[in-house]
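Chemist: Input structure: start12.cif, which contains mmCIF, C-alpha atoms.
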```
data_data
#
loop_
_atom_site.label_atom_id
_atom_site.label_comp_id
_atom_site.auth_asym_id
_atom_site.auth_seq_id
_atom_site.Cartn_x
_atom_site.Cartn_y
_atom_site.Cartn_z
CA MET A 1 -58.91 46.92 14.85
CA THR A 2 -61.88 49.07 14.01
CA THR A 3 -61.97 52.83 14.04
CA SER A 4 -65.13 54.82 14.51
CA THR A 5 -65.57 58.51 13.81
CA GLN A 6 -68.25 60.06 15.97
CA ILE A 7 -69.67 63.50 15.33
CA ASN A 8 -72.68 64.94 17.14
CA GLY A 9 -73.04 61.59 18.87
CA LEU A 10 -73.51 59.85 15.52
CA ASP A 11 -71.25 57.23 13.94
CA LEU A 12 -70.31 58.42 10.47
CA ALA A 13 -69.66 54.89 9.18
CA GLN A 14 -73.12 53.79 10.34
CA LEU A 15 -74.72 56.82 8.67
CA GLN A 16 -72.92 56.07 5.41
CA ALA A 17 -73.93 52.40 5.60
CA VAL A 18 -77.62 53.31 5.99
CA VAL A 19 -77.49 55.71 3.04
CA ALA A 20 -75.66 53.11 0.92
CA ALA A 21 -78.29 50.47 1.76
CA LEU A 22 -81.07 52.87 0.74
CA GLN A 23 -79.25 53.75 -2.49
CA ALA A 24 -78.94 50.04 -3.31
CA ASP A 25 -82.67 49.47 -2.74
CA PRO A 26 -84.57 52.79 -3.07
CA ALA A 27 -87.88 51.09 -2.25
CA LYS A 28 -86.62 50.93 1.35
CA THR A 29 -87.12 54.68 1.75
CA GLN A 30 -90.89 54.00 1.78
CA THR A 31 -91.73 53.71 5.47
CA VAL A 32 -94.91 53.22 7.48
CA TRP A 33 -95.19 54.56 11.04
CA ARG A 34 -97.84 53.64 13.59
CA SER A 35 -99.14 54.74 16.97
CA THR A 36 -102.01 53.19 18.90
CA VAL A 37 -104.06 55.27 21.30
CA HIS A 38 -105.85 53.96 24.38
CA TRP A 39 -108.45 56.15 26.07
CA ASP A 40 -108.30 56.13 29.88
CA GLY A 41 -111.48 58.18 30.49
CA GLY A 42 -112.08 61.92 30.48
CA PHE A 43 -109.31 63.58 28.47
CA GLN A 44 -106.65 61.11 29.64
CA ASN A 45 -105.04 59.00 26.95
CA GLN A 46 -101.85 57.13 26.27
CA PHE A 47 -100.32 56.27 22.95
CA GLN A 48 -97.74 53.65 22.14
CA SER A 49 -95.38 53.07 19.24
CA ARG A 50 -93.58 49.77 18.61
CA GLY A 51 -92.39 48.41 21.96
CA HIS A 52 -91.84 51.75 23.65
CA ALA A 53 -93.30 52.90 26.94
CA PRO A 54 -96.70 54.58 26.55
CA VAL A 55 -96.74 58.35 26.25
CA ARG A 56 -99.40 60.01 28.40
CA VAL A 57 -101.58 62.84 27.07
CA ASP A 58 -104.16 64.95 28.94
CA GLU A 59 -105.62 68.46 28.86
CA PRO A 60 -105.09 71.37 31.27
CA ARG A 61 -107.63 71.88 34.07
CA GLY A 62 -108.82 75.07 32.36
CA LEU A 63 -110.00 72.84 29.53
CA VAL A 64 -111.64 70.36 31.96
CA GLY A 65 -108.74 67.92 31.84
CA THR A 66 -106.75 66.62 34.80
CA ASP A 67 -103.42 68.10 33.64
CA THR A 68 -101.34 64.98 34.19
CA ALA A 69 -99.39 65.34 30.92
CA PRO A 70 -98.93 67.60 27.86
CA ASN A 71 -101.87 67.88 25.49
CA PRO A 72 -101.98 66.93 21.78
CA ALA A 73 -101.21 70.52 20.70
CA GLU A 74 -98.00 70.44 22.73
CA MET A 75 -97.16 66.94 21.47
CA LEU A 76 -97.38 68.21 17.89
CA LEU A 77 -94.98 71.08 18.66
CA GLY A 78 -92.62 68.63 20.37
CA ALA A 79 -92.72 66.38 17.30
CA MET A 80 -91.86 69.34 15.06
CA GLY A 81 -89.01 70.57 17.26
CA THR A 82 -87.44 67.16 17.78
CA CYS A 83 -87.66 66.46 14.05
CA LEU A 84 -85.67 69.63 13.38
CA SER A 85 -83.16 68.78 16.12
CA ILE A 86 -82.58 65.34 14.57
CA GLY A 87 -82.23 66.98 11.16
CA TYR A 88 -79.63 69.44 12.46
CA ALA A 89 -77.61 66.66 14.15
CA LEU A 90 -77.71 64.50 11.01
CA ASN A 91 -76.99 67.15 8.40
CA ALA A 92 -74.36 68.89 10.52
CA ALA A 93 -72.57 65.55 10.86
CA ALA A 94 -72.71 65.08 7.08
CA ARG A 95 -71.11 68.54 6.69
CA GLY A 96 -68.42 68.01 9.34
CA ILE A 97 -70.05 70.58 11.63
CA THR A 98 -69.79 69.76 15.34
CA ILE A 99 -72.80 70.79 17.44
CA GLU A 100 -71.96 71.34 21.10
CA ALA A 101 -75.44 72.22 22.37
CA MET A 102 -78.88 72.73 20.90
CA ASP A 103 -82.23 73.87 22.28
CA LEU A 104 -85.39 74.80 20.40
CA GLN A 105 -88.42 76.84 21.35
CA VAL A 106 -91.59 75.97 19.46
CA GLU A 107 -94.86 77.85 19.80
CA GLY A 108 -98.08 78.16 17.88
CA ASP A 109 -101.53 79.71 17.96
CA ILE A 110 -104.89 77.93 18.03
CA ASP A 111 -108.31 79.54 18.12
CA LEU A 112 -110.27 77.03 20.22
CA GLY A 113 -113.58 78.51 19.06
CA VAL A 114 -114.29 75.73 16.56
CA PHE A 115 -113.14 72.88 18.82
CA THR A 116 -115.27 74.14 21.72
CA GLY A 117 -118.29 74.60 19.48
CA LEU A 118 -118.53 78.39 19.83
CA LYS A 119 -117.77 78.96 16.15
CA ALA A 120 -119.46 76.98 13.40
CA GLU A 121 -116.85 77.95 10.80
CA GLY A 122 -113.13 78.64 10.81
CA ASN A 123 -109.81 76.88 11.28
CA PRO A 124 -109.86 74.47 14.24
CA GLY A 125 -106.10 74.00 14.17
CA TYR A 126 -102.87 75.95 14.36
CA SER A 127 -102.90 79.19 12.38
CA GLY A 128 -99.12 79.36 12.54
CA VAL A 129 -96.07 77.86 14.25
CA ARG A 130 -92.85 79.71 15.19
CA ILE A 131 -89.60 77.93 15.94
CA THR A 132 -86.28 79.26 17.21
CA ALA A 133 -83.30 76.91 17.24
CA GLN A 134 -80.37 77.95 19.43
CA ILE A 135 -77.29 76.10 18.24
CA LYS A 136 -73.77 76.18 19.66
CA SER A 137 -71.45 74.81 16.98
CA ASP A 138 -68.24 75.41 15.04
CA ALA A 139 -70.20 76.47 11.93
CA THR A 140 -69.69 79.89 10.37
CA PRO A 141 -72.84 82.05 10.17
CA GLU A 142 -73.11 81.16 6.47
CA GLN A 143 -72.75 77.43 7.17
CA LEU A 144 -75.37 77.60 9.93
CA GLN A 145 -77.82 79.36 7.63
CA GLU A 146 -77.28 76.83 4.83
CA LEU A 147 -77.70 73.98 7.35
CA HIS A 148 -80.88 75.54 8.73
CA THR A 149 -82.42 76.09 5.29
CA HIS A 150 -81.70 72.48 4.31
CA VAL A 151 -83.00 71.01 7.59
CA LEU A 152 -86.25 72.99 7.47
CA ARG A 153 -86.88 72.07 3.83
CA THR A 154 -86.28 68.35 4.41
CA SER A 155 -87.96 67.94 7.83
CA PRO A 156 -90.64 65.23 7.58
CA ILE A 157 -92.75 66.61 10.44
CA CYS A 158 -92.44 70.33 9.67
CA SER A 159 -93.22 69.52 6.02
CA THR A 160 -96.30 67.58 7.11
CA VAL A 161 -97.56 70.66 8.98
CA GLN A 162 -96.66 73.06 6.17
CA ASN A 163 -98.32 71.00 3.42
CA PRO A 164 -101.92 69.78 3.08
CA ILE A 165 -101.91 66.04 3.89
CA PRO A 166 -104.86 63.70 3.28
CA VAL A 167 -106.21 62.15 6.48
CA GLN A 168 -108.65 59.24 6.21
CA ALA A 169 -110.48 58.45 9.44
CA THR A 170 -113.22 55.96 10.17
CA ALA A 171 -115.11 55.12 13.34
CA VAL A 172 -116.05 51.52 14.03
CA ALA A 173 -118.65 50.61 16.66
CA LEU A 174 -117.50 47.85 18.99
CA PRO A 175 -120.24 45.49 20.21
CA MET B 1 -125.41 69.99 48.54
CA THR B 2 -123.85 69.89 45.09
CA THR B 3 -124.66 67.38 42.43
CA SER B 4 -122.29 66.46 39.65
CA THR B 5 -123.19 64.67 36.46
CA GLN B 6 -120.26 62.74 35.02
CA ILE B 7 -120.24 61.33 31.52
CA ASN B 8 -117.18 59.84 29.83
CA GLY B 9 -115.20 60.87 32.90
CA LEU B 10 -116.10 64.51 32.31
CA ASP B 11 -118.10 66.78 34.59
CA LEU B 12 -120.92 68.28 32.54
CA ALA B 13 -121.25 71.35 34.80
CA GLN B 14 -117.52 72.07 34.40
CA LEU B 15 -117.78 71.71 30.63
CA GLN B 16 -120.73 74.10 30.50
CA ALA B 17 -118.91 76.60 32.74
CA VAL B 18 -115.88 76.64 30.42
CA VAL B 19 -118.06 77.16 27.35
CA ALA B 20 -120.02 79.92 29.14
CA ALA B 21 -116.77 81.69 30.12
CA LEU B 22 -115.56 81.55 26.50
CA GLN B 23 -118.90 82.86 25.24
CA ALA B 24 -118.66 85.77 27.68
CA ASP B 25 -115.13 86.65 26.47
CA PRO B 26 -114.57 85.21 22.98
CA ALA B 27 -110.97 86.53 22.91
CA LYS B 28 -110.15 83.73 25.38
CA THR B 29 -110.48 81.14 22.63
CA GLN B 30 -107.16 82.48 21.23
CA THR B 31 -104.54 80.22 22.77
CA VAL B 32 -100.78 79.86 22.48
CA TRP B 33 -99.07 76.52 23.07
CA ARG B 34 -95.37 75.91 23.62
CA SER B 35 -92.86 73.10 23.77
CA THR B 36 -89.14 73.41 24.37
CA VAL B 37 -86.73 70.84 22.98
CA HIS B 38 -83.37 69.90 24.49
CA TRP B 39 -80.91 67.90 22.39
CA ASP B 40 -79.10 65.14 24.31
CA GLY B 41 -76.68 64.14 21.52
CA GLY B 42 -77.10 61.85 18.53
CA PHE B 43 -80.81 61.56 17.77
CA GLN B 44 -81.82 61.67 21.45
CA ASN B 45 -84.00 64.58 22.49
CA GLN B 46 -86.52 65.49 25.12
CA PHE B 47 -89.24 68.07 24.95
CA GLN B 48 -91.13 69.72 27.74
CA SER B 49 -94.42 71.62 27.97
CA ARG B 50 -95.42 73.75 30.95
CA GLY B 51 -94.35 71.95 34.12
CA HIS B 52 -94.79 68.43 32.78
CA ALA B 53 -92.23 65.66 32.80
CA PRO B 54 -90.03 65.70 29.69
CA VAL B 55 -91.07 63.46 26.81
CA ARG B 56 -88.18 61.50 25.30
CA VAL B 57 -87.75 61.16 21.52
CA ASP B 58 -85.19 59.07 19.61
CA GLU B 59 -84.88 57.22 16.30
CA PRO B 60 -84.83 53.45 15.61
CA ARG B 61 -81.44 51.74 15.30
CA GLY B 62 -82.09 51.19 11.59
CA LEU B 63 -81.98 54.97 11.24
CA VAL B 64 -78.79 55.21 13.37
CA GLY B 65 -80.66 56.18 16.53
CA THR B 66 -80.49 54.41 19.88
CA ASP B 67 -84.20 53.47 19.95
CA THR B 68 -84.88 54.59 23.51
CA ALA B 69 -88.24 56.22 22.66
CA PRO B 70 -90.70 56.86 19.83
CA ASN B 71 -89.53 59.09 17.00
CA PRO B 72 -91.08 62.41 15.86
CA ALA B 73 -93.14 60.68 13.15
CA GLU B 74 -94.76 58.47 15.79
CA MET B 75 -95.23 61.44 18.14
CA LEU B 76 -97.16 63.25 15.41
CA LEU B 77 -99.47 60.25 14.92
CA GLY B 78 -99.97 60.04 18.69
CA ALA B 79 -100.87 63.73 18.79
CA MET B 80 -103.44 63.21 16.02
CA GLY B 81 -104.99 60.13 17.61
CA THR B 82 -105.20 61.58 21.12
CA CYS B 83 -106.72 64.78 19.73
CA LEU B 84 -109.48 62.71 18.12
CA SER B 85 -109.97 60.67 21.30
CA ILE B 86 -110.39 63.87 23.33
CA GLY B 87 -112.80 65.17 20.71
CA TYR B 88 -114.90 61.99 20.86
CA ALA B 89 -115.05 62.09 24.69
CA LEU B 90 -116.02 65.78 24.70
CA ASN B 91 -118.57 65.75 21.91
CA ALA B 92 -120.10 62.45 22.98
CA ALA B 93 -120.61 63.94 26.46
CA ALA B 94 -122.27 66.99 24.92
CA ARG B 95 -124.64 64.65 23.04
CA GLY B 96 -125.39 62.41 26.04
CA ILE B 97 -123.52 59.50 24.46
CA THR B 98 -121.67 57.29 26.95
CA ILE B 99 -118.38 55.86 25.69
CA GLU B 100 -117.34 52.67 27.47
CA ALA B 101 -114.07 52.02 25.70
CA MET B 102 -112.08 53.60 22.89
CA ASP B 103 -108.88 52.71 21.04
CA LEU B 104 -107.47 54.23 17.89
CA GLN B 105 -104.96 52.96 15.34
CA VAL B 106 -103.08 55.66 13.48
CA GLU B 107 -100.66 55.00 10.64
CA GLY B 108 -99.03 56.98 7.87
CA ASP B 109 -96.52 56.76 5.05
CA ILE B 110 -93.27 58.70 4.70
CA ASP B 111 -90.79 58.42 1.85
CA LEU B 112 -87.50 59.03 3.67
CA GLY B 113 -85.69 59.72 0.38
CA VAL B 114 -85.68 63.50 0.84
CA PHE B 115 -84.78 63.44 4.55
CA THR B 116 -81.88 61.07 3.95
CA GLY B 117 -80.61 63.11 1.02
CA LEU B 118 -81.16 60.46 -1.66
CA LYS B 119 -83.79 62.55 -3.45
CA ALA B 120 -83.29 66.25 -4.17
CA GLU B 121 -87.00 66.82 -4.79
CA GLY B 122 -90.25 65.48 -3.43
CA ASN B 123 -92.33 65.46 -0.27
CA PRO B 124 -90.21 64.91 2.86
CA GLY B 125 -93.26 64.34 5.07
CA TYR B 126 -96.30 62.13 5.37
CA SER B 127 -98.06 61.46 2.08
CA GLY B 128 -101.16 60.32 3.96
CA VAL B 129 -102.46 59.30 7.36
CA ARG B 130 -105.09 56.63 8.11
CA ILE B 131 -106.98 56.45 11.38
CA THR B 132 -109.40 53.85 12.71
CA ALA B 133 -111.29 54.62 15.91
CA GLN B 134 -112.87 51.64 17.68
CA ILE B 135 -115.56 52.93 19.98
CA LYS B 136 -117.77 50.99 22.38
CA SER B 137 -120.70 53.24 23.25
CA ASP B 138 -124.48 53.47 23.52
CA ALA B 139 -124.69 55.49 20.27
CA THR B 140 -126.75 54.28 17.33
CA PRO B 141 -124.77 53.79 14.09
CA GLU B 142 -126.20 57.10 12.84
CA GLN B 143 -125.24 58.94 16.04
CA LEU B 144 -121.73 57.49 15.93
CA GLN B 145 -121.28 58.59 12.32
CA GLU B 146 -122.50 62.12 13.09
CA LEU B 147 -120.19 62.27 16.13
CA HIS B 148 -117.25 61.04 14.05
CA THR B 149 -117.84 63.55 11.24
CA HIS B 150 -118.04 66.42 13.74
CA VAL B 151 -114.95 65.33 15.70
CA LEU B 152 -112.81 64.92 12.59
CA ARG B 153 -113.88 68.30 11.20
CA THR B 154 -113.19 70.16 14.47
CA SER B 155 -109.98 68.38 15.54
CA PRO B 156 -107.22 70.96 16.03
CA ILE B 157 -104.37 68.55 15.33
CA CYS B 158 -105.93 66.60 12.44
CA SER B 159 -106.91 69.94 10.89
CA THR B 160 -103.34 71.17 11.26
CA VAL B 161 -102.11 68.14 9.31
CA GLN B 162 -104.84 68.38 6.68
CA ASN B 163 -104.35 72.10 6.01
CA PRO B 164 -101.25 74.03 4.93
CA ILE B 165 -99.93 75.86 8.01
CA PRO B 166 -97.22 78.55 7.91
CA VAL B 167 -94.10 77.59 9.87
CA GLN B 168 -91.49 80.26 10.62
CA ALA B 169 -88.18 78.89 11.81
CA THR B 170 -84.92 80.66 12.55
CA ALA B 171 -81.55 79.36 13.72
CA VAL B 172 -79.53 81.45 16.19
CA ALA B 173 -75.83 80.79 16.78
CA LEU B 174 -74.93 80.62 20.46
CA PRO B 175 -71.46 81.94 21.34
#
```
Represent the supplied structure as structure tokens.

Modeler:
Amino acid sequence: MTTSTQINGLDLAQLQAVVAALQADPAKTQTVWRSTVHWDGGFQNQFQSRGHAPVRVDEPRGLVGTDTAPNPAEMLLGAMGTCLSIGYALNAAARGITIEAMDLQVEGDIDLGVFTGLKAEGNPGYSGVRITAQIKSDATPEQLQELHTHVLRTSPICSTVQNPIPVQATAVALP
Amino acid sequence: MTTSTQINGLDLAQLQAVVAALQADPAKTQTVWRSTVHWDGGFQNQFQSRGHAPVRVDEPRGLVGTDTAPNPAEMLLGAMGTCLSIGYALNAAARGITIEAMDLQVEGDIDLGVFTGLKAEGNPGYSGVRITAQIKSDATPEQLQELHTHVLRTSPICSTVQNPIPVQATAVALP
């Protein structure tokens, strides 16, 4: 007979086994992630990761896209918000906190002046991102705040946005 | 009779009209983008932007997810790569360069030690991102390099990753 303790939809024994495997071989925490992008013409693109279904990306009509899908700016916000959600589910489970429901609103500001070529100088990207996480759980206010502080500090994607990260990019001409 | 010049799937007259409208009212370059995240239990999430179909996010089974979709780390790479692709299409069109085909490979390294709680200190996020854009076009090598340099410098999402961006996040307890 096997018993399985689930919390927040996660199996505690599985979580502990993954952490134990990483402790036994710390080199395994070094991970490489990949996405490949295929251009479909205009501003339509799709990207793919491992064997998963392609994710479509486009731009709104006001930016001369065909508005068939979210744009890269929205994809980035979605990546940040889902990273936090996963962090809450994981770290709440580790603390014995049961989350009943969770929704996040993520928004940020971009001055498109540089991207559109109107401004020669300035920041082309987000100047700031604001996130509100609405969490229904059995945590006390103090527990929720401690959980939130930990999750934000350890979020891979929010950390990537908050910190300066080197990006190497090259263009190769195909014959 | 109207004539329409298309290049890279983009209508040049539409592009010029958007730029002219922004020049006439530079405050319009200030944009706000939003995504809302709904947690589905475990590491399964979906995020939504404007009226578009939700985008599913999960984690691989090796990280105790159910592997139904890309994870946030892959979504971020997809956002970076599609932002560059859109930048190439736009800025090539503005230069009269015809792109016939374009694919990008995006990869990056994350040490999951901080996220998984094995390391108290360190960078939880990407330590670096590498991008290769394969572009079939009528550009000379010099034109392609100039295009690439401009696109990378003006990319909203790659700039967001390369620069330190303030992120404000709050957690609200739902009753």

Chemist: Since I can't run it myself right now, could you work out what the PyMOL selection byres ((chain A and resi 173) around 12) selects here and report it as a list in words?

Modeler: Thr170, Ala171, Val172, Leu174 and Pro175 of chain A; Ile99, Glu100, Ala101, Met102, Asp103, Leu104, Thr132, Ala133, Gln134, Ile135, Lys136, Ser137, Asp138, Ala139, Thr140, Pro141, Glu142, Gln143, Leu144, Gln145, Leu147 and His148 of chain B

Chemist: For this structure, which residues satisfy the selection - the PyMOL selection byres ((chain B and resi 3-14) around 7) - when it is evaluated on the file as given? I want them as an MDAnalysis selection string.

Modeler: (chainID A and resid 41:42 64) or (chainID B and resid 1:2 15:18 89 93 98:99)

Chemist: In Å to one decimal, how far is CA of Pro70 in chain B from CA of Gly125 in chain A?

Modeler: 23.7 Å

Chemist: Could you list as JSON, numbers by chain every residue that has an atom within 10 Å of (-84.5, 61.2, 21.8), using the file's coordinates and counting all atoms listed in the file?

Modeler: {"A": [82, 83, 85, 86], "B": [37, 38, 39, 40, 41, 42, 43, 44, 45, 46, 47, 55, 56, 57, 58, 59, 60, 65, 66, 67, 68, 69, 70, 71, 72]}

Chemist: So how many Å separate CA of Ser127 in chain B and CA of Ala73 in chain B, to one decimal?

Modeler: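 Distance reported for this atom pair: 12.1 Å.
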
Chemist: Superposition of chain B onto chain A by least squares over all sequentially paired C-alpha atoms; the transformed chain is requested as a short mmCIF file (atom, residue, chain, number, x, y, z; two decimals) with C-alpha atoms, in the frame of the given file.

Modeler:
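selection_32.cif, freshly written:
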```
data_model
loop_
_atom_site.label_atom_id
_atom_site.label_comp_id
_atom_site.auth_asym_id
_atom_site.auth_seq_id
_atom_site.Cartn_x
_atom_site.Cartn_y
_atom_site.Cartn_z
CA MET B 1 -58.95 46.90 14.62
CA THR B 2 -61.96 49.07 13.84
CA THR B 3 -62.01 52.81 13.97
CA SER B 4 -65.14 54.83 14.50
CA THR B 5 -65.57 58.51 13.81
CA GLN B 6 -68.24 60.08 15.99
CA ILE B 7 -69.68 63.51 15.35
CA ASN B 8 -72.69 64.94 17.15
CA GLY B 9 -73.04 61.58 18.87
CA LEU B 10 -73.49 59.86 15.52
CA ASP B 11 -71.24 57.24 13.96
CA LEU B 12 -70.31 58.43 10.48
CA ALA B 13 -69.65 54.89 9.19
CA GLN B 14 -73.12 53.80 10.35
CA LEU B 15 -74.71 56.81 8.68
CA GLN B 16 -72.92 56.08 5.41
CA ALA B 17 -73.91 52.40 5.60
CA VAL B 18 -77.60 53.30 5.99
CA VAL B 19 -77.47 55.71 3.05
CA ALA B 20 -75.62 53.11 0.93
CA ALA B 21 -78.26 50.46 1.76
CA LEU B 22 -81.05 52.86 0.74
CA GLN B 23 -79.24 53.74 -2.48
CA ALA B 24 -78.92 50.03 -3.29
CA ASP B 25 -82.67 49.47 -2.73
CA PRO B 26 -84.54 52.78 -3.07
CA ALA B 27 -87.88 51.09 -2.24
CA LYS B 28 -86.63 50.93 1.36
CA THR B 29 -87.10 54.67 1.75
CA GLN B 30 -90.89 53.99 1.79
CA THR B 31 -91.73 53.71 5.47
CA VAL B 32 -94.90 53.23 7.49
CA TRP B 33 -95.20 54.55 11.04
CA ARG B 34 -97.84 53.64 13.60
CA SER B 35 -99.15 54.74 16.96
CA THR B 36 -102.00 53.19 18.90
CA VAL B 37 -104.07 55.27 21.30
CA HIS B 38 -105.86 53.96 24.39
CA TRP B 39 -108.46 56.17 26.07
CA ASP B 40 -108.32 56.13 29.88
CA GLY B 41 -111.48 58.20 30.49
CA GLY B 42 -112.08 61.94 30.50
CA PHE B 43 -109.32 63.59 28.48
CA GLN B 44 -106.65 61.11 29.65
CA ASN B 45 -105.04 59.01 26.95
CA GLN B 46 -101.85 57.14 26.28
CA PHE B 47 -100.32 56.26 22.97
CA GLN B 48 -97.75 53.64 22.16
CA SER B 49 -95.38 53.05 19.24
CA ARG B 50 -93.57 49.77 18.63
CA GLY B 51 -92.42 48.39 21.98
CA HIS B 52 -91.87 51.75 23.65
CA ALA B 53 -93.30 52.90 26.94
CA PRO B 54 -96.69 54.58 26.54
CA VAL B 55 -96.73 58.36 26.26
CA ARG B 56 -99.40 60.01 28.40
CA VAL B 57 -101.58 62.85 27.06
CA ASP B 58 -104.15 64.95 28.94
CA GLU B 59 -105.62 68.46 28.85
CA PRO B 60 -105.08 71.39 31.27
CA ARG B 61 -107.62 71.89 34.06
CA GLY B 62 -108.82 75.08 32.36
CA LEU B 63 -110.01 72.85 29.52
CA VAL B 64 -111.64 70.38 31.97
CA GLY B 65 -108.74 67.93 31.84
CA THR B 66 -106.76 66.63 34.80
CA ASP B 67 -103.42 68.10 33.64
CA THR B 68 -101.34 64.97 34.19
CA ALA B 69 -99.39 65.35 30.92
CA PRO B 70 -98.93 67.58 27.87
CA ASN B 71 -101.87 67.88 25.50
CA PRO B 72 -101.98 66.93 21.78
CA ALA B 73 -101.21 70.51 20.70
CA GLU B 74 -98.00 70.44 22.74
CA MET B 75 -97.16 66.94 21.48
CA LEU B 76 -97.38 68.20 17.90
CA LEU B 77 -94.97 71.07 18.67
CA GLY B 78 -92.61 68.61 20.36
CA ALA B 79 -92.72 66.37 17.30
CA MET B 80 -91.86 69.33 15.06
CA GLY B 81 -89.02 70.57 17.26
CA THR B 82 -87.43 67.15 17.78
CA CYS B 83 -87.66 66.45 14.05
CA LEU B 84 -85.67 69.63 13.38
CA SER B 85 -83.17 68.78 16.12
CA ILE B 86 -82.58 65.34 14.57
CA GLY B 87 -82.22 66.98 11.17
CA TYR B 88 -79.63 69.45 12.48
CA ALA B 89 -77.60 66.66 14.15
CA LEU B 90 -77.70 64.50 11.01
CA ASN B 91 -76.98 67.16 8.42
CA ALA B 92 -74.37 68.90 10.54
CA ALA B 93 -72.56 65.55 10.87
CA ALA B 94 -72.71 65.09 7.10
CA ARG B 95 -71.12 68.54 6.69
CA GLY B 96 -68.43 68.02 9.36
CA ILE B 97 -70.06 70.59 11.64
CA THR B 98 -69.80 69.77 15.36
CA ILE B 99 -72.81 70.80 17.44
CA GLU B 100 -71.99 71.33 21.11
CA ALA B 101 -75.43 72.23 22.38
CA MET B 102 -78.88 72.74 20.91
CA ASP B 103 -82.24 73.86 22.28
CA LEU B 104 -85.37 74.80 20.39
CA GLN B 105 -88.42 76.84 21.35
CA VAL B 106 -91.58 75.97 19.47
CA GLU B 107 -94.85 77.85 19.81
CA GLY B 108 -98.08 78.16 17.88
CA ASP B 109 -101.53 79.72 17.96
CA ILE B 110 -104.87 77.92 18.03
CA ASP B 111 -108.29 79.54 18.12
CA LEU B 112 -110.25 77.03 20.21
CA GLY B 113 -113.58 78.51 19.05
CA VAL B 114 -114.28 75.72 16.55
CA PHE B 115 -113.15 72.87 18.82
CA THR B 116 -115.27 74.12 21.70
CA GLY B 117 -118.30 74.60 19.47
CA LEU B 118 -118.54 78.38 19.83
CA LYS B 119 -117.77 78.96 16.14
CA ALA B 120 -119.46 76.96 13.39
CA GLU B 121 -116.84 77.95 10.81
CA GLY B 122 -113.13 78.63 10.79
CA ASN B 123 -109.81 76.88 11.26
CA PRO B 124 -109.86 74.46 14.22
CA GLY B 125 -106.08 73.99 14.15
CA TYR B 126 -102.87 75.95 14.35
CA SER B 127 -102.90 79.19 12.38
CA GLY B 128 -99.11 79.34 12.54
CA VAL B 129 -96.07 77.87 14.24
CA ARG B 130 -92.86 79.70 15.19
CA ILE B 131 -89.60 77.93 15.93
CA THR B 132 -86.29 79.25 17.22
CA ALA B 133 -83.30 76.91 17.24
CA GLN B 134 -80.37 77.96 19.44
CA ILE B 135 -77.30 76.12 18.25
CA LYS B 136 -73.78 76.19 19.68
CA SER B 137 -71.47 74.83 17.00
CA ASP B 138 -68.26 75.41 15.06
CA ALA B 139 -70.22 76.49 11.95
CA THR B 140 -69.69 79.90 10.38
CA PRO B 141 -72.85 82.07 10.18
CA GLU B 142 -73.10 81.17 6.48
CA GLN B 143 -72.74 77.44 7.17
CA LEU B 144 -75.35 77.60 9.93
CA GLN B 145 -77.81 79.37 7.64
CA GLU B 146 -77.28 76.83 4.85
CA LEU B 147 -77.70 73.97 7.35
CA HIS B 148 -80.88 75.55 8.73
CA THR B 149 -82.42 76.09 5.28
CA HIS B 150 -81.70 72.48 4.31
CA VAL B 151 -83.01 71.01 7.58
CA LEU B 152 -86.24 72.99 7.47
CA ARG B 153 -86.89 72.07 3.84
CA THR B 154 -86.27 68.33 4.40
CA SER B 155 -87.95 67.93 7.81
CA PRO B 156 -90.63 65.23 7.58
CA ILE B 157 -92.75 66.59 10.42
CA CYS B 158 -92.43 70.32 9.66
CA SER B 159 -93.22 69.51 6.02
CA THR B 160 -96.29 67.57 7.11
CA VAL B 161 -97.55 70.64 8.98
CA GLN B 162 -96.67 73.05 6.17
CA ASN B 163 -98.33 71.00 3.42
CA PRO B 164 -101.91 69.77 3.08
CA ILE B 165 -101.91 66.04 3.89
CA PRO B 166 -104.86 63.70 3.27
CA VAL B 167 -106.22 62.14 6.47
CA GLN B 168 -108.66 59.23 6.22
CA ALA B 169 -110.47 58.45 9.44
CA THR B 170 -113.23 55.97 10.16
CA ALA B 171 -115.12 55.14 13.35
CA VAL B 172 -116.06 51.51 14.04
CA ALA B 173 -118.66 50.60 16.66
CA LEU B 174 -117.52 47.84 19.00
CA PRO B 175 -120.27 45.50 20.21
#
```

Chemist: Restricting the calculation to only C-alpha atoms: of A:Ile97, A:Ala79, A:Asn123, A:Asn91, which residue gets closest to chain B?

Modeler: A:Ala79

Chemist: Please evaluate the PyMOL selection byres ((chain B and resi 117-119) around 12) against the structure above and give the resulting residues as JSON, numbers by chain.

Modeler: {"A": [15, 16, 18, 19, 20, 21, 22, 23, 24, 25, 26, 27, 28, 29, 87, 90, 91, 94, 150, 151, 153, 154, 155], "B": [111, 112, 113, 114, 115, 116, 120, 121, 122, 123, 124]}

Chemist: Could you put an axis-aligned box around every listed atom of range 120-129 of chain A, padded by 3 Å on each side, and send me its centre and edge lengths in Å to one decimal, as lines of an AutoDock Vina configuration file?

Modeler:
```
center_x = -107.8
center_y = 76.7
center_z = 12.6
size_x = 29.4
size_y = 11.4
size_z = 9.6
```
